[in-house]
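The structure file my_file-v7.txt is reproduced below (compact mmCIF, C-alpha atoms).
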```txt
# COMPACT_ATOMS: atom_id res chain seq x y z
CA MET K 1 10.89 3.43 7.03
CA THR K 2 11.94 6.95 6.00
CA LEU K 3 13.87 7.30 2.78
CA ASP K 4 16.60 9.79 2.07
CA ALA K 5 16.97 11.38 -1.36
CA THR K 6 19.28 8.59 -2.61
CA ASP K 7 16.91 5.84 -1.36
CA GLN K 8 14.10 7.54 -3.27
CA LYS K 9 16.18 7.60 -6.45
CA PHE K 10 17.03 3.90 -5.98
CA LEU K 11 13.40 3.01 -5.40
CA ALA K 12 12.20 4.98 -8.42
CA ALA K 13 14.90 3.36 -10.59
CA LEU K 14 13.97 -0.17 -9.42
CA ALA K 15 10.25 0.50 -9.84
CA ASP K 16 11.08 1.38 -13.43
CA ASP K 17 13.49 -1.53 -14.00
CA ALA K 18 13.83 -4.21 -11.32
CA THR K 19 16.61 -5.98 -13.22
CA LEU K 20 19.16 -3.20 -12.50
CA SER K 21 22.17 -4.54 -10.58
CA ALA K 22 23.73 -2.83 -7.57
CA GLY K 23 26.71 -2.00 -9.78
CA GLU K 24 24.54 -0.25 -12.37
CA LEU K 25 22.60 1.65 -9.67
CA GLY K 26 25.87 2.71 -8.02
CA ARG K 27 27.29 4.02 -11.30
CA ARG K 28 24.07 5.89 -12.04
CA PHE K 29 23.89 7.62 -8.64
CA GLY K 30 27.60 7.90 -7.77
CA LEU K 31 27.96 5.17 -5.14
CA SER K 32 30.33 2.24 -4.85
CA GLN K 33 28.91 -1.20 -5.71
CA PRO K 34 28.93 -2.37 -2.02
CA ALA K 35 27.25 0.86 -0.82
CA ALA K 36 24.60 0.52 -3.54
CA TRP K 37 24.09 -3.13 -2.66
CA ARG K 38 23.50 -2.24 1.03
CA ARG K 39 20.84 0.30 0.06
CA VAL K 40 19.04 -2.18 -2.19
CA ARG K 41 19.25 -4.85 0.53
CA ARG K 42 17.71 -2.48 3.07
CA LEU K 43 14.76 -1.65 0.77
CA PHE K 44 14.00 -5.40 0.68
CA ASP K 45 14.72 -6.07 4.37
CA ASP K 46 12.49 -3.21 5.55
CA GLY K 47 9.64 -4.51 3.39
CA VAL K 48 9.55 -1.53 1.02
CA ILE K 49 10.11 -3.74 -2.02
CA THR K 50 8.11 -6.95 -1.87
CA GLY K 51 8.93 -8.49 -5.22
CA ARG K 52 8.52 -7.83 -8.90
CA ARG K 53 5.70 -7.30 -11.32
CA VAL K 54 6.42 -8.70 -14.75
CA ASP K 55 4.79 -6.62 -17.45
CA LEU K 56 4.01 -8.91 -20.37
CA ASN K 57 2.54 -7.87 -23.70
CA ARG K 58 -0.95 -9.34 -23.27
CA GLU K 59 -2.01 -8.89 -26.89
CA ALA K 60 1.11 -10.61 -28.24
CA LEU K 61 0.39 -13.59 -25.97
CA GLY K 62 -3.19 -13.87 -27.21
CA PHE K 63 -5.10 -12.02 -24.49
CA GLY K 64 -7.03 -9.31 -26.29
CA VAL K 65 -9.52 -8.35 -23.59
CA THR K 66 -9.15 -7.12 -20.01
CA VAL K 67 -12.26 -6.42 -17.95
CA PHE K 68 -12.60 -4.81 -14.54
CA LEU K 69 -15.50 -6.26 -12.58
CA GLY K 70 -17.31 -4.88 -9.57
CA VAL K 71 -18.92 -7.74 -7.67
CA LYS K 72 -21.53 -7.47 -4.96
CA LEU K 73 -22.26 -10.49 -2.79
CA ALA K 74 -25.89 -11.49 -2.48
CA THR K 75 -25.45 -13.11 0.91
CA LYS K 76 -23.00 -11.82 3.48
CA GLY K 77 -21.30 -13.41 6.45
CA ARG K 78 -17.83 -14.53 7.37
CA VAL K 79 -18.03 -17.99 5.87
CA SER K 80 -19.37 -16.92 2.51
CA LEU K 81 -16.69 -14.19 2.18
CA GLU K 82 -13.93 -16.75 2.65
CA ASP K 83 -15.59 -19.24 0.31
CA PHE K 84 -15.99 -16.57 -2.32
CA GLU K 85 -12.39 -15.38 -1.98
CA ARG K 86 -10.96 -18.88 -2.24
CA ALA K 87 -13.09 -19.78 -5.25
CA VAL K 88 -12.53 -16.53 -7.14
CA SER K 89 -8.76 -16.59 -6.57
CA ALA K 90 -8.59 -20.08 -8.07
CA ILE K 91 -9.87 -18.90 -11.47
CA PRO K 92 -6.76 -18.50 -13.68
CA GLU K 93 -8.27 -15.68 -15.76
CA VAL K 94 -8.87 -13.62 -12.61
CA GLN K 95 -5.63 -11.63 -12.31
CA SER K 96 -6.38 -9.71 -9.16
CA VAL K 97 -8.97 -9.60 -6.39
CA HIS K 98 -9.44 -6.75 -3.94
CA HIS K 99 -11.91 -6.60 -1.08
CA VAL K 100 -13.36 -3.10 -1.13
CA LEU K 101 -15.78 -0.92 0.75
CA GLY K 102 -18.36 0.98 -1.28
CA LEU K 103 -20.85 0.21 -4.01
CA TYR K 104 -19.28 -3.24 -4.54
CA ASP K 105 -17.67 -5.79 -2.24
CA TYR K 106 -14.92 -6.96 -4.60
CA ARG K 107 -12.96 -5.51 -7.45
CA LEU K 108 -11.68 -8.09 -9.97
CA ARG K 109 -9.36 -7.79 -12.91
CA VAL K 110 -10.09 -10.47 -15.52
CA VAL K 111 -8.19 -11.27 -18.70
CA ALA K 112 -9.56 -13.22 -21.69
CA ARG K 113 -8.64 -14.07 -25.27
CA ASP K 114 -11.57 -12.11 -26.73
CA LEU K 115 -15.10 -11.05 -25.80
CA ALA K 116 -16.50 -14.54 -26.47
CA ASP K 117 -13.88 -16.03 -24.16
CA PHE K 118 -14.70 -13.38 -21.55
CA GLU K 119 -18.39 -14.30 -21.78
CA ARG K 120 -17.45 -17.94 -21.11
CA VAL K 121 -15.37 -16.97 -18.03
CA LEU K 122 -18.14 -14.70 -16.77
CA ARG K 123 -21.02 -17.15 -17.25
CA ARG K 124 -19.33 -20.43 -16.41
CA ARG K 125 -16.96 -19.32 -13.68
CA ILE K 126 -17.67 -15.94 -12.10
CA LEU K 127 -21.48 -15.91 -12.06
CA LEU K 128 -21.44 -19.42 -10.54
CA LEU K 129 -19.25 -18.40 -7.58
CA PRO K 130 -20.73 -18.92 -4.10
CA GLY K 131 -22.71 -15.88 -2.93
CA VAL K 132 -22.22 -13.77 -6.04
CA GLY K 133 -24.85 -11.08 -6.61
CA ASP K 134 -24.70 -7.98 -8.82
CA VAL K 135 -21.81 -7.78 -11.26
CA GLU K 136 -20.74 -4.73 -13.25
CA ALA K 137 -18.26 -5.05 -16.11
CA ASN K 138 -16.10 -2.33 -17.63
CA VAL K 139 -13.89 -3.25 -20.58
CA LEU K 140 -10.36 -1.82 -20.36
CA LEU K 141 -9.43 0.49 -23.25
CA SER K 142 -6.14 1.98 -22.03
CA GLU K 143 -3.96 1.87 -18.98
CA GLU K 144 -1.01 3.79 -17.59
CA ARG K 145 0.95 3.28 -14.41
CA ARG K 146 2.44 6.28 -12.67
CA PRO K 147 5.55 6.35 -10.45
CA GLY K 148 3.61 7.47 -7.38
CA PRO K 149 4.59 9.93 -4.64
CA LEU K 150 8.38 9.39 -4.69
CA GLY K 151 10.70 12.32 -4.21
CA MET I 1 8.25 -13.42 -33.11
CA GLN I 2 6.60 -16.82 -32.66
CA VAL I 3 6.11 -17.58 -28.94
CA THR I 4 6.77 -21.30 -28.46
CA GLU I 5 5.54 -23.63 -25.75
CA ILE I 6 9.03 -23.44 -24.19
CA ASP I 7 8.78 -19.63 -24.05
CA ARG I 8 5.38 -19.92 -22.38
CA ARG I 9 6.82 -22.28 -19.78
CA LEU I 10 9.60 -19.79 -19.09
CA LEU I 11 7.15 -16.87 -18.82
CA ARG I 12 4.93 -18.91 -16.49
CA GLN I 13 7.88 -19.46 -14.16
CA LEU I 14 8.97 -15.83 -14.45
CA GLN I 15 5.49 -14.69 -13.40
CA LEU I 16 5.43 -17.11 -10.46
CA ALA I 17 8.63 -15.87 -8.84
CA SER I 18 10.16 -13.09 -10.85
CA ASP I 19 12.93 -12.28 -8.38
CA MET I 20 14.67 -15.64 -8.50
CA SER I 21 18.07 -15.89 -10.14
CA THR I 22 18.46 -16.87 -13.77
CA GLY I 23 19.93 -20.13 -12.52
CA THR I 24 16.85 -21.08 -10.50
CA LEU I 25 14.54 -19.82 -13.24
CA ALA I 26 16.39 -21.93 -15.84
CA GLU I 27 16.16 -25.01 -13.63
CA ARG I 28 12.42 -24.60 -13.06
CA ALA I 29 11.74 -23.97 -16.72
CA GLY I 30 13.83 -27.06 -17.58
CA MET I 31 16.58 -25.43 -19.64
CA THR I 32 20.22 -24.45 -19.28
CA GLN I 33 21.10 -21.06 -17.85
CA ALA I 34 22.55 -19.93 -21.19
CA THR I 35 19.38 -20.88 -23.07
CA CYS I 36 17.30 -19.19 -20.39
CA SER I 37 19.21 -15.89 -20.65
CA ARG I 38 19.07 -16.02 -24.44
CA ARG I 39 15.31 -16.60 -24.45
CA LEU I 40 14.66 -13.84 -21.90
CA ASP I 41 16.72 -11.47 -24.07
CA LYS I 42 14.82 -12.45 -27.17
CA LEU I 43 11.42 -12.09 -25.46
CA THR I 44 12.44 -8.64 -24.17
CA ARG I 45 13.74 -7.47 -27.54
CA ALA I 46 10.55 -8.68 -29.24
CA GLY I 47 8.51 -6.66 -26.73
CA ILE I 48 6.81 -9.71 -25.20
CA ILE I 49 8.42 -8.89 -21.85
CA ARG I 50 7.78 -5.16 -21.63
CA GLY I 51 9.48 -4.68 -18.30
CA GLN I 52 10.02 -5.88 -14.77
CA HIS I 53 9.12 -3.51 -11.99
CA ALA I 54 9.89 -3.56 -8.27
CA ARG I 55 6.63 -3.86 -6.34
CA ILE I 56 6.55 -1.14 -3.69
CA HIS I 57 4.72 -1.92 -0.47
CA TRP I 58 3.38 1.59 0.17
CA PRO I 59 2.25 1.04 3.78
CA ALA I 60 5.96 0.57 4.64
CA LEU I 61 6.44 4.18 3.50
CA GLY I 62 3.48 5.48 5.49
CA TYR I 63 0.81 5.27 2.79
CA GLU I 64 -1.96 3.30 4.48
CA VAL I 65 -4.96 4.19 2.31
CA GLU I 66 -5.71 3.06 -1.25
CA VAL I 67 -8.85 4.15 -3.02
CA SER I 68 -10.22 3.21 -6.41
CA LEU I 69 -12.10 6.17 -7.89
CA ARG I 70 -14.60 5.35 -10.63
CA ILE I 71 -15.29 8.45 -12.66
CA THR I 72 -17.75 9.37 -15.39
CA LEU I 73 -16.94 12.42 -17.48
CA GLU I 74 -19.04 15.10 -19.16
CA LYS I 75 -18.70 13.83 -22.68
CA THR I 76 -20.30 16.81 -24.41
CA ASN I 77 -16.84 18.37 -24.64
CA PRO I 78 -14.70 16.45 -27.17
CA ARG I 79 -11.53 17.32 -25.23
CA ALA I 80 -12.93 16.10 -21.90
CA PHE I 81 -10.88 12.86 -21.79
CA ASP I 82 -7.58 14.46 -22.80
CA GLU I 83 -7.93 17.36 -20.40
CA PHE I 84 -9.04 15.16 -17.51
CA LEU I 85 -6.20 12.67 -18.08
CA ALA I 86 -3.58 15.43 -18.38
CA GLY I 87 -4.76 16.81 -15.04
CA ALA I 88 -4.79 13.39 -13.34
CA ARG I 89 -1.16 12.78 -14.43
CA GLU I 90 -0.13 15.86 -12.46
CA VAL I 91 -1.30 14.36 -9.14
CA PRO I 92 1.63 12.36 -7.66
CA GLU I 93 -0.67 10.19 -5.52
CA VAL I 94 -2.43 8.84 -8.63
CA MET I 95 -0.81 5.45 -9.23
CA GLU I 96 -2.88 4.05 -12.07
CA ILE I 97 -5.10 5.56 -14.74
CA GLN I 98 -7.39 3.31 -16.77
CA THR I 99 -10.02 4.19 -19.36
CA PHE I 100 -13.00 1.93 -20.03
CA LEU I 101 -15.87 1.05 -22.26
CA GLY I 102 -18.82 0.69 -19.90
CA ARG I 103 -20.66 2.65 -17.26
CA VAL I 104 -17.37 3.99 -15.86
CA ASP I 105 -15.18 6.15 -18.11
CA VAL I 106 -11.99 6.39 -16.07
CA ARG I 107 -10.57 4.77 -12.97
CA LEU I 108 -7.91 6.40 -10.81
CA HIS I 109 -6.03 4.39 -8.20
CA VAL I 110 -5.11 6.85 -5.47
CA LEU I 111 -2.71 6.50 -2.53
CA ALA I 112 -2.91 8.49 0.69
CA ARG I 113 -1.18 8.49 4.06
CA ASP I 114 -4.42 8.26 6.03
CA MET I 115 -8.08 9.18 5.71
CA SER I 116 -7.55 12.86 6.48
CA HIS I 117 -4.79 13.05 3.85
CA TYR I 118 -7.16 11.30 1.44
CA GLN I 119 -9.93 13.74 2.25
CA HIS I 120 -7.57 16.63 1.53
CA LEU I 121 -6.36 15.10 -1.76
CA TYR I 122 -9.89 14.33 -2.84
CA ARG I 123 -11.09 17.88 -2.27
CA SER I 124 -8.08 19.83 -3.46
CA GLN I 125 -6.66 17.69 -6.28
CA ILE I 126 -9.27 15.22 -7.53
CA LEU I 127 -12.58 17.09 -7.48
CA THR I 128 -10.80 20.04 -9.09
CA LEU I 129 -9.93 17.96 -12.20
CA PRO I 130 -11.83 19.13 -15.30
CA HIS I 131 -15.02 17.59 -16.77
CA ILE I 132 -16.01 15.25 -13.92
CA ALA I 133 -19.70 14.31 -14.02
CA GLU I 134 -19.74 11.68 -11.27
CA VAL I 135 -17.31 10.01 -8.86
CA GLU I 136 -17.70 6.80 -6.87
CA ALA I 137 -15.11 5.62 -4.39
CA LEU I 138 -14.17 2.04 -3.51
CA VAL I 139 -11.89 2.00 -0.48
CA GLN I 140 -9.48 -0.93 -0.53
CA MET I 141 -9.82 -3.20 2.51
CA ALA I 142 -7.61 -6.12 1.55
CA GLU I 143 -5.61 -7.51 -1.34
CA ILE I 144 -6.77 -11.09 -1.90
CA LYS I 145 -4.95 -11.90 -5.14
CA SER I 146 -2.32 -9.80 -6.86
CA GLY I 147 0.51 -10.03 -9.33
CA GLU I 148 -1.66 -9.81 -12.41
CA ALA I 149 -0.23 -13.02 -13.86
CA LEU I 150 -1.51 -14.07 -17.29
CA PRO I 151 -2.95 -17.63 -17.48
CA LEU I 152 -0.31 -18.89 -19.94
```
In structure tokens, how does this file's structure come out?
Amino acid sequence: MTLDATDQKFLAALADDATLSAGELGRRFGLSQPAAWRRVRRLFDDGVITGRRVDLNREALGFGVTVFLGVKLATKGRVSLEDFERAVSAIPEVQSVHHVLGLYDYRLRVVARDLADFERVLRRRILLLPGVGDVEANVLLSEERRPGPLG
Amino acid sequence: MQVTEIDRRLLRQLQLASDMSTGTLAERAGMTQATCSRRLDKLTRAGIIRGQHARIHWPALGYEVEVSLRITLEKTNPRAFDEFLAGAREVPEVMEIQTFLGRVDVRLHVLARDMSHYQHLYRSQILTLPHIAEVEALVQMAEIKSGEALPL
């Protein structure tokens, strides 16, 4: 889908705040409510917007530690990849899993209450996954999300 | 503010399907719509809900390649981090910037239209950033789990 300048403004506004109504978007960018609604609808229908990401304050909810893990599988093959993916996705503390090409096979984002809790997740859950080999952990210190190549 | 078990239930449901209506959300969290709206407001004002962001499916806009760049910096210069990060913020294709304690100092999540676009970006905008000691690339093949939900 190609976006015109107004679509790009809509997309950037919704990426910043997905709770904006068509009415609010229309007022902001000088369109009627129905015209704004049609543009929002089209962004969803054409698969440009696939849902929402809720940004919660991790620390306030008791999750003090986020760790990015690079995981290499010790044994490879179709079956073990699927087994690994199913098992790793089922761990609640594992927030995201990406299959990657490079030094590691998977990139995981893991959240824990503190370092002791992370150690428990690592030793009792992640290191016991089927086929798991080398694991590298990097503890998250800061994070920023950028708007991306819009406009 | 004190986050109660009821708030946690609401946040769990919100993470599961954040684009449902307040009505559906209230029903699933087992409360009235008015209570639900009030609690969401309160959680937002208290900074527990920091924001809700539309998830953009970049391939639909022609961005087919995602690469995770793991970077170590030359730490002899005390301004290395600040100068590197300021430069990285100027590159529109950089979607995420994380700093770490570990073997990797910084991670950049980079979008590109295709491999030749990526190659161009990498040479002209990434490798030219200041104070890079080492770069490793992980090319994303598939997203297996996403959403970054907290295990509440």
Which residue gives the smallest distance to Val100 (chain K) among I:Met115, I:Leu101, I:Val67, I:Ala88, with all atoms listed in the file counted?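 Using all atoms listed in the file, Val100 (chain K) sits closest to I:Val67.
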Between CA of Pro78 (chain I) and CA of Val94 (chain I), what distance in Å does the model show, to one decimal?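 Separating CA of Pro78 (chain I) from CA of Val94 (chain I) is a distance of 23.5 Å.
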With a cut-off of 8 Å and counting all atoms listed in the file, select all residues of chain I in contact with chain K and give the selection as a PDB file with C-alpha atoms, in the frame of the given file.
```pdb
ATOM      1  CA  VAL I   3       6.110 -17.580 -28.940  1.00  0.00           C
ATOM      2  CA  LEU I  14       8.970 -15.830 -14.450  1.00  0.00           C
ATOM      3  CA  GLN I  15       5.490 -14.690 -13.400  1.00  0.00           C
ATOM      4  CA  SER I  18      10.160 -13.090 -10.850  1.00  0.00           C
ATOM      5  CA  ASP I  19      12.930 -12.280  -8.380  1.00  0.00           C
ATOM      6  CA  GLY I  47       8.510  -6.660 -26.730  1.00  0.00           C
ATOM      7  CA  ILE I  48       6.810  -9.710 -25.200  1.00  0.00           C
ATOM      8  CA  ILE I  49       8.420  -8.890 -21.850  1.00  0.00           C
ATOM      9  CA  ARG I  50       7.780  -5.160 -21.630  1.00  0.00           C
ATOM     10  CA  GLY I  51       9.480  -4.680 -18.300  1.00  0.00           C
ATOM     11  CA  GLN I  52      10.020  -5.880 -14.770  1.00  0.00           C
ATOM     12  CA  HIS I  53       9.120  -3.510 -11.990  1.00  0.00           C
ATOM     13  CA  ALA I  54       9.890  -3.560  -8.270  1.00  0.00           C
ATOM     14  CA  ARG I  55       6.630  -3.860  -6.340  1.00  0.00           C
ATOM     15  CA  ILE I  56       6.550  -1.140  -3.690  1.00  0.00           C
ATOM     16  CA  HIS I  57       4.720  -1.920  -0.470  1.00  0.00           C
ATOM     17  CA  TRP I  58       3.380   1.590   0.170  1.00  0.00           C
ATOM     18  CA  ALA I  60       5.960   0.570   4.640  1.00  0.00           C
ATOM     19  CA  LEU I  61       6.440   4.180   3.500  1.00  0.00           C
ATOM     20  CA  GLY I  62       3.480   5.480   5.490  1.00  0.00           C
ATOM     21  CA  ARG I  89      -1.160  12.780 -14.430  1.00  0.00           C
ATOM     22  CA  PRO I  92       1.630  12.360  -7.660  1.00  0.00           C
ATOM     23  CA  GLU I  93      -0.670  10.190  -5.520  1.00  0.00           C
ATOM     24  CA  VAL I  94      -2.430   8.840  -8.630  1.00  0.00           C
ATOM     25  CA  MET I  95      -0.810   5.450  -9.230  1.00  0.00           C
ATOM     26  CA  GLU I  96      -2.880   4.050 -12.070  1.00  0.00           C
ATOM     27  CA  ILE I  97      -5.100   5.560 -14.740  1.00  0.00           C
ATOM     28  CA  GLN I  98      -7.390   3.310 -16.770  1.00  0.00           C
ATOM     29  CA  THR I  99     -10.020   4.190 -19.360  1.00  0.00           C
ATOM     30  CA  PHE I 100     -13.000   1.930 -20.030  1.00  0.00           C
ATOM     31  CA  LEU I 101     -15.870   1.050 -22.260  1.00  0.00           C
ATOM     32  CA  GLY I 102     -18.820   0.690 -19.900  1.00  0.00           C
ATOM     33  CA  ARG I 103     -20.660   2.650 -17.260  1.00  0.00           C
ATOM     34  CA  VAL I 104     -17.370   3.990 -15.860  1.00  0.00           C
ATOM     35  CA  GLU I 136     -17.700   6.800  -6.870  1.00  0.00           C
ATOM     36  CA  ALA I 137     -15.110   5.620  -4.390  1.00  0.00           C
ATOM     37  CA  LEU I 138     -14.170   2.040  -3.510  1.00  0.00           C
ATOM     38  CA  VAL I 139     -11.890   2.000  -0.480  1.00  0.00           C
ATOM     39  CA  GLN I 140      -9.480  -0.930  -0.530  1.00  0.00           C
ATOM     40  CA  MET I 141      -9.820  -3.200   2.510  1.00  0.00           C
ATOM     41  CA  ALA I 142      -7.610  -6.120   1.550  1.00  0.00           C
ATOM     42  CA  GLU I 143      -5.610  -7.510  -1.340  1.00  0.00           C
ATOM     43  CA  ILE I 144      -6.770 -11.090  -1.900  1.00  0.00           C
ATOM     44  CA  LYS I 145      -4.950 -11.900  -5.140  1.00  0.00           C
ATOM     45  CA  SER I 146      -2.320  -9.800  -6.860  1.00  0.00           C
ATOM     46  CA  GLY I 147       0.510 -10.030  -9.330  1.00  0.00           C
ATOM     47  CA  GLU I 148      -1.660  -9.810 -12.410  1.00  0.00           C
ATOM     48  CA  ALA I 149      -0.230 -13.020 -13.860  1.00  0.00           C
ATOM     49  CA  LEU I 150      -1.510 -14.070 -17.290  1.00  0.00           C
ATOM     50  CA  PRO I 151      -2.950 -17.630 -17.480  1.00  0.00           C
TER      51      PRO I 151
END
```
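Note that CA of Leu16 (chain I) and CA of Leu108 (chain I) are 27.0 Å apart.
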What gap, in Å, lies between CA of Asp82 (chain I) and CA of Leu121 (chain I)? 21.1 Å
Shortest interatomic distance to Val135 (chain K) - which of K:Val65, K:Ala116, K:Val40, K:Ala74, counting only C-alpha atoms: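 Checking each of K:Val65, K:Ala116, K:Val40, K:Ala74 against Val135 (chain K), counting only C-alpha atoms, the winner is K:Ala74.
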Can you fill out region 99-116 of chain K with N, CA and C atoms and hand it back as a PDB file, in the coordinates of the input?
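Once written, rebuild_21.pdb looks like this:
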```
ATOM      1  N   HIS K  99     -10.720  -6.795  -1.901  1.00  0.00           N
ATOM      2  CA  HIS K  99     -11.910  -6.600  -1.080  1.00  0.00           C
ATOM      3  C   HIS K  99     -12.040  -5.104  -0.864  1.00  0.00           C
ATOM      4  N   VAL K 100     -13.189  -4.552  -1.215  1.00  0.00           N
ATOM      5  CA  VAL K 100     -13.360  -3.100  -1.130  1.00  0.00           C
ATOM      6  C   VAL K 100     -14.621  -2.726  -0.352  1.00  0.00           C
ATOM      7  N   LEU K 101     -14.651  -1.466   0.016  1.00  0.00           N
ATOM      8  CA  LEU K 101     -15.780  -0.920   0.750  1.00  0.00           C
ATOM      9  C   LEU K 101     -16.410   0.134  -0.144  1.00  0.00           C
ATOM     10  N   GLY K 102     -17.697   0.016  -0.408  1.00  0.00           N
ATOM     11  CA  GLY K 102     -18.360   0.980  -1.280  1.00  0.00           C
ATOM     12  C   GLY K 102     -19.515   0.318  -1.988  1.00  0.00           C
ATOM     13  N   LEU K 103     -19.740   0.730  -3.232  1.00  0.00           N
ATOM     14  CA  LEU K 103     -20.850   0.210  -4.010  1.00  0.00           C
ATOM     15  C   LEU K 103     -20.748  -1.301  -4.245  1.00  0.00           C
ATOM     16  N   TYR K 104     -19.510  -1.804  -4.337  1.00  0.00           N
ATOM     17  CA  TYR K 104     -19.280  -3.240  -4.540  1.00  0.00           C
ATOM     18  C   TYR K 104     -18.472  -3.808  -3.379  1.00  0.00           C
ATOM     19  N   ASP K 105     -18.453  -5.136  -3.295  1.00  0.00           N
ATOM     20  CA  ASP K 105     -17.670  -5.790  -2.240  1.00  0.00           C
ATOM     21  C   ASP K 105     -16.285  -6.204  -2.738  1.00  0.00           C
ATOM     22  N   TYR K 106     -16.195  -6.528  -4.033  1.00  0.00           N
ATOM     23  CA  TYR K 106     -14.920  -6.960  -4.600  1.00  0.00           C
ATOM     24  C   TYR K 106     -14.674  -6.288  -5.931  1.00  0.00           C
ATOM     25  N   ARG K 107     -13.405  -6.054  -6.179  1.00  0.00           N
ATOM     26  CA  ARG K 107     -12.960  -5.510  -7.450  1.00  0.00           C
ATOM     27  C   ARG K 107     -12.087  -6.579  -8.092  1.00  0.00           C
ATOM     28  N   LEU K 108     -12.447  -7.035  -9.296  1.00  0.00           N
ATOM     29  CA  LEU K 108     -11.680  -8.090  -9.970  1.00  0.00           C
ATOM     30  C   LEU K 108     -11.108  -7.548 -11.269  1.00  0.00           C
ATOM     31  N   ARG K 109      -9.925  -8.064 -11.593  1.00  0.00           N
ATOM     32  CA  ARG K 109      -9.360  -7.790 -12.910  1.00  0.00           C
ATOM     33  C   ARG K 109      -9.315  -9.140 -13.631  1.00  0.00           C
ATOM     34  N   VAL K 110      -9.958  -9.198 -14.811  1.00  0.00           N
ATOM     35  CA  VAL K 110     -10.090 -10.470 -15.520  1.00  0.00           C
ATOM     36  C   VAL K 110      -9.513 -10.316 -16.923  1.00  0.00           C
ATOM     37  N   VAL K 111      -8.764 -11.316 -17.367  1.00  0.00           N
ATOM     38  CA  VAL K 111      -8.190 -11.270 -18.700  1.00  0.00           C
ATOM     39  C   VAL K 111      -8.784 -12.407 -19.524  1.00  0.00           C
ATOM     40  N   ALA K 112      -8.990 -12.178 -20.828  1.00  0.00           N
ATOM     41  CA  ALA K 112      -9.560 -13.220 -21.690  1.00  0.00           C
ATOM     42  C   ALA K 112      -9.020 -13.045 -23.106  1.00  0.00           C
ATOM     43  N   ARG K 113      -9.180 -14.122 -23.907  1.00  0.00           N
ATOM     44  CA  ARG K 113      -8.640 -14.070 -25.270  1.00  0.00           C
ATOM     45  C   ARG K 113      -9.400 -13.042 -26.108  1.00  0.00           C
ATOM     46  N   ASP K 114     -10.730 -13.062 -25.993  1.00  0.00           N
ATOM     47  CA  ASP K 114     -11.570 -12.110 -26.730  1.00  0.00           C
ATOM     48  C   ASP K 114     -12.892 -12.001 -25.971  1.00  0.00           C
ATOM     49  N   LEU K 115     -13.846 -11.252 -26.521  1.00  0.00           N
ATOM     50  CA  LEU K 115     -15.100 -11.050 -25.800  1.00  0.00           C
ATOM     51  C   LEU K 115     -15.883 -12.352 -25.607  1.00  0.00           C
ATOM     52  N   ALA K 116     -15.806 -13.259 -26.601  1.00  0.00           N
ATOM     53  CA  ALA K 116     -16.500 -14.540 -26.470  1.00  0.00           C
ATOM     54  C   ALA K 116     -15.895 -15.350 -25.320  1.00  0.00           C
TER      55      ALA K 116
END
```
